[in-house]
Each structure stands twice: as structure tokens, then as C-alpha cells.
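Peer 1: What follows is a structure written as C-alpha cells; I'll ask about it next.
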Amino acid sequence: MSTAGKVIKCKAAVLWGPNQPLSIEDIEVAPPKAFEVRIKILATGICLTDHHAITGAMGANFPVILGHEAAGIVESIGEGVTTVKPGDKVIPLTLKQCGKCSSCINPNGNFCLEMNVTAEGAWNDGTTSFTCKGKPVYNFIVTSTFTEYTVSSESWVAKIDAAAPLEKVCLIGCGFSTGYGAAIKTAKVTPGSTCAVFGLGGVGLSIIMGCKAAGASRIIGIDINPHKFERAKAVGATECINPKDYTKPISDVLKEMTDNSVGYTFEAIGRHDTMIDALASCHMSYGTSVMVGVPPRSKMLTYDPMLLFGGRTWKGCLLGGWKAKYDIPKLVSDFMAKKFDLDLLITHVLPFNEIHKGFELLEKGESIRTVLTF
Ligand code: CND
Ligand code: ZN
Ligand code: ZN
């Protein structure tokens with residue numbers, strides 16, 4: 001029996017407030033309105049950004065359904081939707097692409113200026129697509145994938161290869177694309193260069209994969225958890241170091257190790273101190289440092305401007321700098337063409353109802369990516 005046009009009752013992990021446990025609830029998901037798409041989620045990764053929203057380091061409206069790294073199948077579409085149809089395999093996007101604003105038309109921009117309209121987790125008319133116990137439940141970066149069904153807007157959904165394995169390509173929805181793009185698209189790592197990656201989680205390892213694909217000859221991984229080193233090396237790190245093993249600043253350690261030749265550094269943790277460490281660790285005159293970790297909300301960062309005065313470049317990027325609606329399907333095609341291996345990033349696969357275990361593994365530093373399947 002078709003569910004199109006009807007409210008769907010299903011399970012979702014609802015976060016009722018900051019620092020509360022995720023609660024698996026029965027929710028109602030409204031049918032898609034004009035230009036909206038309702039998606040049956042089949043696989044979703046857990047990213048540290050979801051954890052930032054739980055702790056309050058990243059803003060969200062409560063109650064909220066988190067999750068933003070997923071793949072699924074279109075269940076039904078609203079009036080006017082032309083780029084996807086029921087049955088299509090899709091990845092919900094964390095960035096929209098209007099295709100018309102100054103950011104979308106510039107080849108280097110991917111942060112669509114229309115983004116702010118949905119910043120509060122509700123649609124333009126103030127409504128939400130989810131309800132639980134009679135209360136509206138907000139969305140998270142328009143994706144909300146810790147649910148059996150979600151609703152997104154057409155410009156935030158990318159149709160992907162019908163043969164793509166969803167339990168793997170879900171990582172292309174965030175972590176993989178973010179890291180890989182940070183290296184090849186944002187930093188534009190050059191062949192033969194030396195790179196240093198701070199933070200060896202799913203995003204950091206994807207940065208390493210991007211540095212390797214770009215032809216870097218030395219890739220140094222940095223993490224305070226040495227258990228991350230083995231997998232970092234498996235994806236391409238040439239060596240790994242733990243800042244806790246040194247008394248001097250990590251930037252000095254890297255300078256000595258490389259005869260002062262670190263061309264590119266990346267911060268994939270989300271801390272101010274490591275953002276400065278990463279900046280100070282790239283070459284003072286030609287180095288580029290990319291801020292990939294989400295900066296803690298509402299906190300100012302102070303730094304010595306001399307760090308930039310000699311010529312360093314400091315950049316940030318969202319989703320690796322990719323133009324989501326156009327580039328995500330291409331990355332899925334690249335995966336299908338075996339240009340990179342997502343299995344190296346997936347340490348755990350759990351059923352959706354074990355989401356708590358997935359977060360526990362992340363908190364304990366025991367996972368790279370946990371994929372939840374439905
Ligand atoms: P994950 O938790 O898997 O990895 C972070 C790693 O950092 C862990 O291995 C930690 O041990 C390590 N770490 C923690 N503190 C330190 C420290 N002081 N020094 C060195 N290493 C440390 O996180 P993830 O890979 O899922 O995400 C990483 C960041 O990227 C996080 O801030 C997330 O919110 C952000 C991000 C950004 C974007 C974007 O579009 N820019 C997209 N997704 C995620
Ligand atoms: Zn735009
Ligand atoms: Zn993410």
C-alpha cells in the first residue's frame with residue numbers, strides 16, 4: 001500500500017535537549033509539500049558534528065533529530081519536484097545549491113547564500129516535518145537522518161548511481177567528502193608535498209586519502225589517541241605522532257621532522273588550540289592550513305597575526321568545498337569506479353536501535369565511522 005500523501009509513523013532518535021540521551025521514539029513524518037522530498041533512510045554514519053550538537057558546541061533547536069551523513073531511497077515527492085522520483089537512490093545534503101546566488105555561480109564557492117533560511121531547523125513557513133508526542137521536532141542541517149524517514153527540500157537532495165551500496169556511500173554525505181575535498185579541492189595539495197593532519201577520525205582519515213590521491217609524498221598524522229595510528233597508516237599516512245610524547249610545541253616538532261617543509265596542514269578536531277597549532281605548523285611563507293573541524297559555537301579565537309604576516313594562507317571549508325548537488329553524485333561515481341575505498345573508514349556497522357553504542361564508540365575513540373543500518 002502506497003504511503004505517498006500520508007503521514008508516516010516510524011522510529012527516530014529524538015534529542016529533547018542538550019546533553020540528554022538520544023531517545024528512540026515513535027514519530028510522525030508529514031508528506032512532502034511542494035519542492036520537498038520524503039526519503040526512506042537506509043544507512044547513516046555517525047559524525048562528530050552530531051556529537052557537537054548533543055553537547056551544545058554546535059547550535060540546534062530542540063527537540064531535534066540529528067544525523068546528516070546518510071543514504072536512502074525516495075519514498076515520495078511533493079509538487080514541482082523534477083530532479084528525483086520515488087525509488088531513486090539519494091544522498092541528503094547538508095548544503096543546498098540554488099545555482100543562482102553569487103556563491104553558487106562562482107567556481108570556488110559552495111556555501112549557498114540561501115542557506116540561512118533553514119538555519120533554525122524549520123521550513124520557511126515555520127513548520128517542521130516531524131512531530132513526536134504532539135510536539136514539533138526540528139531538523140538538523142536539513143538532513144535529520146537518525147530516523148527511518150526524513151523530509152528534505154529538492155535542492156538539498158542528490159540523486160546517485162542506482163547500483164551504489166548505500167551502507168558505504170552514506171559516508172559521501174559528510175565525512176569522506178569533507179576530508180577528501182579539504183585536501184584536493186580546498187587546499188589543492190600538490191604532488192611531492194608534505195602534509196600534516198591533526199585529528200585522525202573519519203574526517204582526518206579522509207583528508208589523508210585526499211592528500212595521497214593528490215600525490216603528497218609525506219603525510220604526517222597527529223592524534224592524542226595512538227590507537228588511531230594503524231588505520232591512519234592504512235589509508236596513507238607515512239608516519240603518525242602523538243603531541244603528548246613531546247614537551248615542545250607540535251609545530252616545532254613538525255618543523256624538525258621535515259626540515260621545515262610542511263606545505264599543508266589540516267585541523268579535523270574542532271578545537272581552537274589545535275586550529276592555531278595547525279596554522280603554526282605549515283610553512284611560514286608558502287604554507288596553507290585548512291580549518292575543517294567545526295569551531296566551538298560563540299567563542300572567539302585570538303591568535304598572533306605574525307602567523308599570517310609571512311605569507312601563510314588560512315582557509316576553512318564546508319563539505320570539502322564541493323558544490324553538493326553536483327559533486328556528490330560524481331563522488332559516488334568515483335567510488336563505483338574504485339577511485340577510493342570507503343571500507344577503510346568503516347569500523348562498525350550496527351542496527352539503528354543500537355545508536356547509543358555507536359555514540360559510545362565515538363566518545364571512547366574506538367571507532368572511525370560507525371554506520372547504522374535500518
Ligand atoms: P572524530 O571524533 O572521529 O575524530 C576526531 C579525532 O581528534 C579523534 O581521533 C581524537 O582522538 C582527536 N583529538 C581530539 N583532541 C585532540 C587533540 N587535542 N590533539 C590531537 N587530536 C585530538 O571526529 P570526525 O572525524 O567525525 O570529525 C572531526 C571534526 O570535523 C569535527 O569537529 C566535526 O564536527 C568536523 C566536521 C566538519 C565538517 C565540515 O563540513 N567542515 C563536516 N563534518 C565534520
Ligand atoms: Zn546559491
Ligand atoms: Zn559530518
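Residue numbering restarts at 1 in every chain; chains get A, B, ... in the order shown in the C-alpha cells, and ligands count up from 1 in that same order.
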All residues within 8 Å of ligand 1 are required, counting only C-alpha atoms and all ligand atoms; please report them as a VMD selection string.
Peer 2: chain A and resid 46 to 52 174 to 175 178 to 179 198 to 205 222 to 225 228 242 to 243 267 to 271 273 to 274 291 to 295 316 to 320 362 to 363 365 367 to 369
Peer 1: Using N, CA and C atoms, can you write the selected residues to a file as a short mmCIF file (atom, residue, chain, number, x, y, z; two decimals), in the first residue's frame?
Peer 2:
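part07.cif was written with the following content:
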data_model
loop_
_atom_site.label_atom_id
_atom_site.label_comp_id
_atom_site.auth_asym_id
_atom_site.auth_seq_id
_atom_site.Cartn_x
_atom_site.Cartn_y
_atom_site.Cartn_z
N ILE A 46 27.76 8.09 11.80
CA ILE A 46 27.76 9.00 12.96
C ILE A 46 29.02 9.85 12.85
N CYS A 47 28.83 11.17 12.84
CA CYS A 47 29.94 12.12 12.67
C CYS A 47 30.08 12.92 13.97
N LEU A 48 31.28 13.42 14.23
CA LEU A 48 31.47 14.20 15.47
C LEU A 48 30.58 15.44 15.50
N THR A 49 30.16 15.93 14.33
CA THR A 49 29.27 17.09 14.29
C THR A 49 27.95 16.79 15.02
N ASP A 50 27.45 15.55 14.91
CA ASP A 50 26.23 15.17 15.64
C ASP A 50 26.49 15.26 17.14
N HIS A 51 27.69 14.84 17.52
CA HIS A 51 28.06 14.89 18.94
C HIS A 51 28.18 16.34 19.41
N HIS A 52 28.73 17.22 18.54
CA HIS A 52 28.83 18.64 18.89
C HIS A 52 27.43 19.21 19.17
N CYS A 174 28.89 13.16 4.19
CA CYS A 174 29.64 14.13 5.00
C CYS A 174 31.11 13.79 5.13
N GLY A 175 31.45 12.88 6.05
CA GLY A 175 32.84 12.71 6.46
C GLY A 175 33.84 12.52 5.34
N THR A 178 34.00 15.66 3.01
CA THR A 178 34.60 16.78 3.74
C THR A 178 36.11 16.68 3.75
N GLY A 179 36.62 15.52 4.15
CA GLY A 179 38.06 15.37 4.27
C GLY A 179 38.76 15.33 2.92
N PHE A 198 45.79 17.00 11.65
CA PHE A 198 45.51 16.99 13.09
C PHE A 198 44.13 16.38 13.30
N GLY A 199 44.07 15.24 13.98
CA GLY A 199 42.80 14.57 14.24
C GLY A 199 42.62 13.43 13.25
N LEU A 200 42.65 12.19 13.77
CA LEU A 200 42.62 11.02 12.88
C LEU A 200 41.32 10.24 13.03
N GLY A 201 40.19 10.97 12.99
CA GLY A 201 38.87 10.33 12.94
C GLY A 201 38.47 10.14 11.48
N GLY A 202 37.17 9.97 11.25
CA GLY A 202 36.68 9.74 9.89
C GLY A 202 37.04 10.88 8.95
N VAL A 203 36.96 12.11 9.45
CA VAL A 203 37.26 13.26 8.59
C VAL A 203 38.77 13.32 8.34
N GLY A 204 39.58 13.20 9.40
CA GLY A 204 41.04 13.26 9.25
C GLY A 204 41.56 12.18 8.31
N LEU A 205 41.02 10.97 8.44
CA LEU A 205 41.48 9.88 7.56
C LEU A 205 41.09 10.14 6.10
N ILE A 222 48.48 13.31 13.22
CA ILE A 222 48.70 13.75 14.60
C ILE A 222 47.43 13.49 15.40
N ASP A 223 47.58 12.76 16.51
CA ASP A 223 46.41 12.49 17.35
C ASP A 223 46.89 12.17 18.75
N ILE A 224 46.06 12.50 19.75
CA ILE A 224 46.42 12.16 21.13
C ILE A 224 46.02 10.73 21.47
N ASN A 225 45.31 10.08 20.54
CA ASN A 225 44.93 8.68 20.75
C ASN A 225 45.74 7.80 19.79
N LYS A 228 44.64 5.34 16.95
CA LYS A 228 44.18 5.78 15.61
C LYS A 228 45.28 5.63 14.55
N ASN A 242 52.16 11.59 18.38
CA ASN A 242 51.26 11.94 19.47
C ASN A 242 51.83 13.17 20.20
N PRO A 243 51.13 14.30 20.18
CA PRO A 243 51.66 15.52 20.82
C PRO A 243 52.03 15.29 22.28
N GLU A 267 43.15 20.90 10.24
CA GLU A 267 42.65 20.64 11.58
C GLU A 267 41.32 19.91 11.44
N ALA A 268 41.22 18.68 11.93
CA ALA A 268 39.99 17.90 11.82
C ALA A 268 39.59 17.42 13.21
N ILE A 269 39.53 18.36 14.15
CA ILE A 269 39.15 18.04 15.53
C ILE A 269 37.99 18.96 15.96
N GLY A 270 38.21 20.27 15.79
CA GLY A 270 37.18 21.23 16.21
C GLY A 270 37.55 21.93 17.50
N ARG A 271 38.85 22.24 17.67
CA ARG A 271 39.32 22.93 18.88
C ARG A 271 40.15 24.14 18.46
N ASP A 273 42.73 25.50 20.09
CA ASP A 273 44.18 25.36 20.27
C ASP A 273 44.81 24.57 19.12
N THR A 274 44.11 23.54 18.65
CA THR A 274 44.69 22.75 17.56
C THR A 274 44.57 23.48 16.22
N MET A 291 41.02 24.79 8.08
CA MET A 291 40.21 24.53 9.27
C MET A 291 39.02 23.69 8.82
N VAL A 292 39.02 22.41 9.21
CA VAL A 292 37.95 21.51 8.78
C VAL A 292 37.02 21.19 9.97
N GLY A 293 37.62 21.06 11.15
CA GLY A 293 36.82 20.83 12.36
C GLY A 293 35.87 21.99 12.61
N VAL A 294 34.68 21.68 13.14
CA VAL A 294 33.71 22.75 13.39
C VAL A 294 34.16 23.58 14.60
N PRO A 295 34.33 24.90 14.44
CA PRO A 295 34.78 25.71 15.57
C PRO A 295 33.71 25.74 16.66
N GLY A 316 39.08 27.80 5.50
CA GLY A 316 38.14 26.84 6.08
C GLY A 316 37.35 26.22 4.95
N CYS A 317 36.62 25.16 5.23
CA CYS A 317 35.74 24.65 4.17
C CYS A 317 34.59 23.86 4.77
N LEU A 318 33.48 23.93 4.09
CA LEU A 318 32.31 23.14 4.44
C LEU A 318 32.19 22.04 3.40
N LEU A 319 31.97 20.84 3.86
CA LEU A 319 31.82 19.69 2.94
C LEU A 319 32.94 19.66 1.90
N GLY A 320 34.15 20.00 2.37
CA GLY A 320 35.32 19.89 1.49
C GLY A 320 35.37 20.90 0.36
N LEU A 362 32.29 6.29 19.56
CA LEU A 362 32.88 7.57 19.13
C LEU A 362 33.51 8.28 20.32
N GLU A 363 32.76 8.34 21.43
CA GLU A 363 33.26 9.04 22.62
C GLU A 363 34.52 8.38 23.18
N GLY A 365 36.69 6.85 21.48
CA GLY A 365 37.76 6.87 20.48
C GLY A 365 38.03 5.50 19.89
N SER A 367 36.05 4.03 17.46
CA SER A 367 35.56 3.87 16.08
C SER A 367 36.16 4.94 15.19
N ILE A 368 36.16 4.66 13.89
CA ILE A 368 36.40 5.73 12.91
C ILE A 368 35.01 6.13 12.45
N ARG A 369 34.36 5.31 11.67
CA ARG A 369 32.96 5.56 11.36
C ARG A 369 32.12 4.34 11.74
#
Peer 1: Kindly compile the residues surrounding ligand 2 within 6 Å, counting only C-alpha atoms and all ligand atoms, and format them as JSON, numbers by chain.
Peer 2: {"A": [97, 98, 99, 100, 101, 103, 104, 112, 113, 114]}
Peer 1: Would you output that residue set with N, CA, C and O atoms, as an mmCIF file, in the first residue's frame?
Peer 2:
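Output below, filename selection.cif:
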data_model
loop_
_atom_site.group_PDB
_atom_site.id
_atom_site.type_symbol
_atom_site.label_atom_id
_atom_site.label_comp_id
_atom_site.auth_asym_id
_atom_site.auth_seq_id
_atom_site.Cartn_x
_atom_site.Cartn_y
_atom_site.Cartn_z
ATOM 1 N N GLN A 97 22.204 23.999 -3.056
ATOM 2 C CA GLN A 97 22.835 24.678 -4.186
ATOM 3 C C GLN A 97 21.704 25.314 -4.975
ATOM 4 O O GLN A 97 20.994 24.632 -5.702
ATOM 5 N N CYS A 98 21.499 26.640 -4.798
ATOM 6 C CA CYS A 98 20.397 27.277 -5.548
ATOM 7 C C CYS A 98 20.788 27.444 -7.005
ATOM 8 O O CYS A 98 19.952 27.540 -7.886
ATOM 9 N N GLY A 99 22.120 27.489 -7.242
ATOM 10 C CA GLY A 99 22.601 27.606 -8.621
ATOM 11 C C GLY A 99 22.571 29.024 -9.152
ATOM 12 O O GLY A 99 23.016 29.270 -10.271
ATOM 13 N N LYS A 100 22.049 29.970 -8.350
ATOM 14 C CA LYS A 100 21.888 31.330 -8.880
ATOM 15 C C LYS A 100 22.625 32.389 -8.072
ATOM 16 O O LYS A 100 22.946 33.457 -8.587
ATOM 17 N N CYS A 101 22.880 32.143 -6.794
ATOM 18 C CA CYS A 101 23.467 33.202 -5.953
ATOM 19 C C CYS A 101 24.953 33.376 -6.277
ATOM 20 O O CYS A 101 25.549 32.567 -6.994
ATOM 21 N N SER A 103 27.529 32.890 -4.576
ATOM 22 C CA SER A 103 28.372 31.778 -4.143
ATOM 23 C C SER A 103 28.224 30.599 -5.108
ATOM 24 O O SER A 103 29.219 29.995 -5.528
ATOM 25 N N CYS A 104 26.988 30.283 -5.472
ATOM 26 C CA CYS A 104 26.755 29.133 -6.362
ATOM 27 C C CYS A 104 27.346 29.352 -7.750
ATOM 28 O O CYS A 104 27.843 28.404 -8.360
ATOM 29 N N CYS A 112 25.989 28.190 -0.333
ATOM 30 C CA CYS A 112 24.881 28.913 -0.972
ATOM 31 C C CYS A 112 24.318 29.985 -0.041
ATOM 32 O O CYS A 112 24.060 29.733 1.139
ATOM 33 N N LEU A 113 24.100 31.178 -0.584
ATOM 34 C CA LEU A 113 23.627 32.289 0.246
ATOM 35 C C LEU A 113 22.189 32.102 0.728
ATOM 36 O O LEU A 113 21.742 32.789 1.624
ATOM 37 N N GLU A 114 21.494 31.160 0.125
ATOM 38 C CA GLU A 114 20.111 30.909 0.581
ATOM 39 C C GLU A 114 20.069 30.004 1.811
ATOM 40 O O GLU A 114 19.006 29.705 2.339
#
Peer 1: Excluding region 15-26 of chain A and any residue of its chain fewer than 4 positions from it, enumerate the residues within 7 Å of it, using only C-alpha atoms, and give them as a PyMOL selection string.
Peer 2: chain A and resi 9-11+54-56+62-65+132
Peer 1: If you keep N, CA and C atoms, can you produce a file of those selected residues as a PDB file, in the first residue's frame?
Peer 2:
ATOM      1  N   LYS A   9       4.210   6.932  10.237  1.00  0.00           N
ATOM      2  CA  LYS A   9       4.635   6.758  11.634  1.00  0.00           C
ATOM      3  C   LYS A   9       5.848   5.857  11.622  1.00  0.00           C
ATOM      4  N   CYS A  10       6.898   6.265  12.279  1.00  0.00           N
ATOM      5  CA  CYS A  10       8.124   5.453  12.269  1.00  0.00           C
ATOM      6  C   CYS A  10       8.963   5.747  13.506  1.00  0.00           C
ATOM      7  N   LYS A  11      10.129   5.102  13.573  1.00  0.00           N
ATOM      8  CA  LYS A  11      11.037   5.297  14.718  1.00  0.00           C
ATOM      9  C   LYS A  11      12.091   6.345  14.372  1.00  0.00           C
ATOM     10  N   ILE A  54      24.895  17.539  20.377  1.00  0.00           N
ATOM     11  CA  ILE A  54      24.419  16.998  21.656  1.00  0.00           C
ATOM     12  C   ILE A  54      25.019  17.805  22.806  1.00  0.00           C
ATOM     13  N   THR A  55      26.313  18.116  22.699  1.00  0.00           N
ATOM     14  CA  THR A  55      26.989  18.816  23.804  1.00  0.00           C
ATOM     15  C   THR A  55      26.711  20.320  23.792  1.00  0.00           C
ATOM     16  N   GLY A  56      26.151  20.830  22.689  1.00  0.00           N
ATOM     17  CA  GLY A  56      25.894  22.265  22.606  1.00  0.00           C
ATOM     18  C   GLY A  56      27.030  23.030  21.944  1.00  0.00           C
ATOM     19  N   PHE A  62      15.699  22.565  19.791  1.00  0.00           N
ATOM     20  CA  PHE A  62      15.223  21.318  20.406  1.00  0.00           C
ATOM     21  C   PHE A  62      13.708  21.308  20.533  1.00  0.00           C
ATOM     22  N   PRO A  63      13.106  20.096  20.516  1.00  0.00           N
ATOM     23  CA  PRO A  63      13.707  18.796  20.230  1.00  0.00           C
ATOM     24  C   PRO A  63      14.149  18.706  18.769  1.00  0.00           C
ATOM     25  N   VAL A  64      15.151  17.858  18.539  1.00  0.00           N
ATOM     26  CA  VAL A  64      15.725  17.776  17.201  1.00  0.00           C
ATOM     27  C   VAL A  64      16.024  16.319  16.852  1.00  0.00           C
ATOM     28  N   ILE A  65      16.029  16.026  15.563  1.00  0.00           N
ATOM     29  CA  ILE A  65      16.510  14.726  15.077  1.00  0.00           C
ATOM     30  C   ILE A  65      17.849  14.986  14.392  1.00  0.00           C
ATOM     31  N   CYS A 132       6.452  14.592  17.478  1.00  0.00           N
ATOM     32  CA  CYS A 132       6.589  13.493  18.436  1.00  0.00           C
ATOM     33  C   CYS A 132       5.822  13.877  19.691  1.00  0.00           C
TER      34      CYS A 132
END
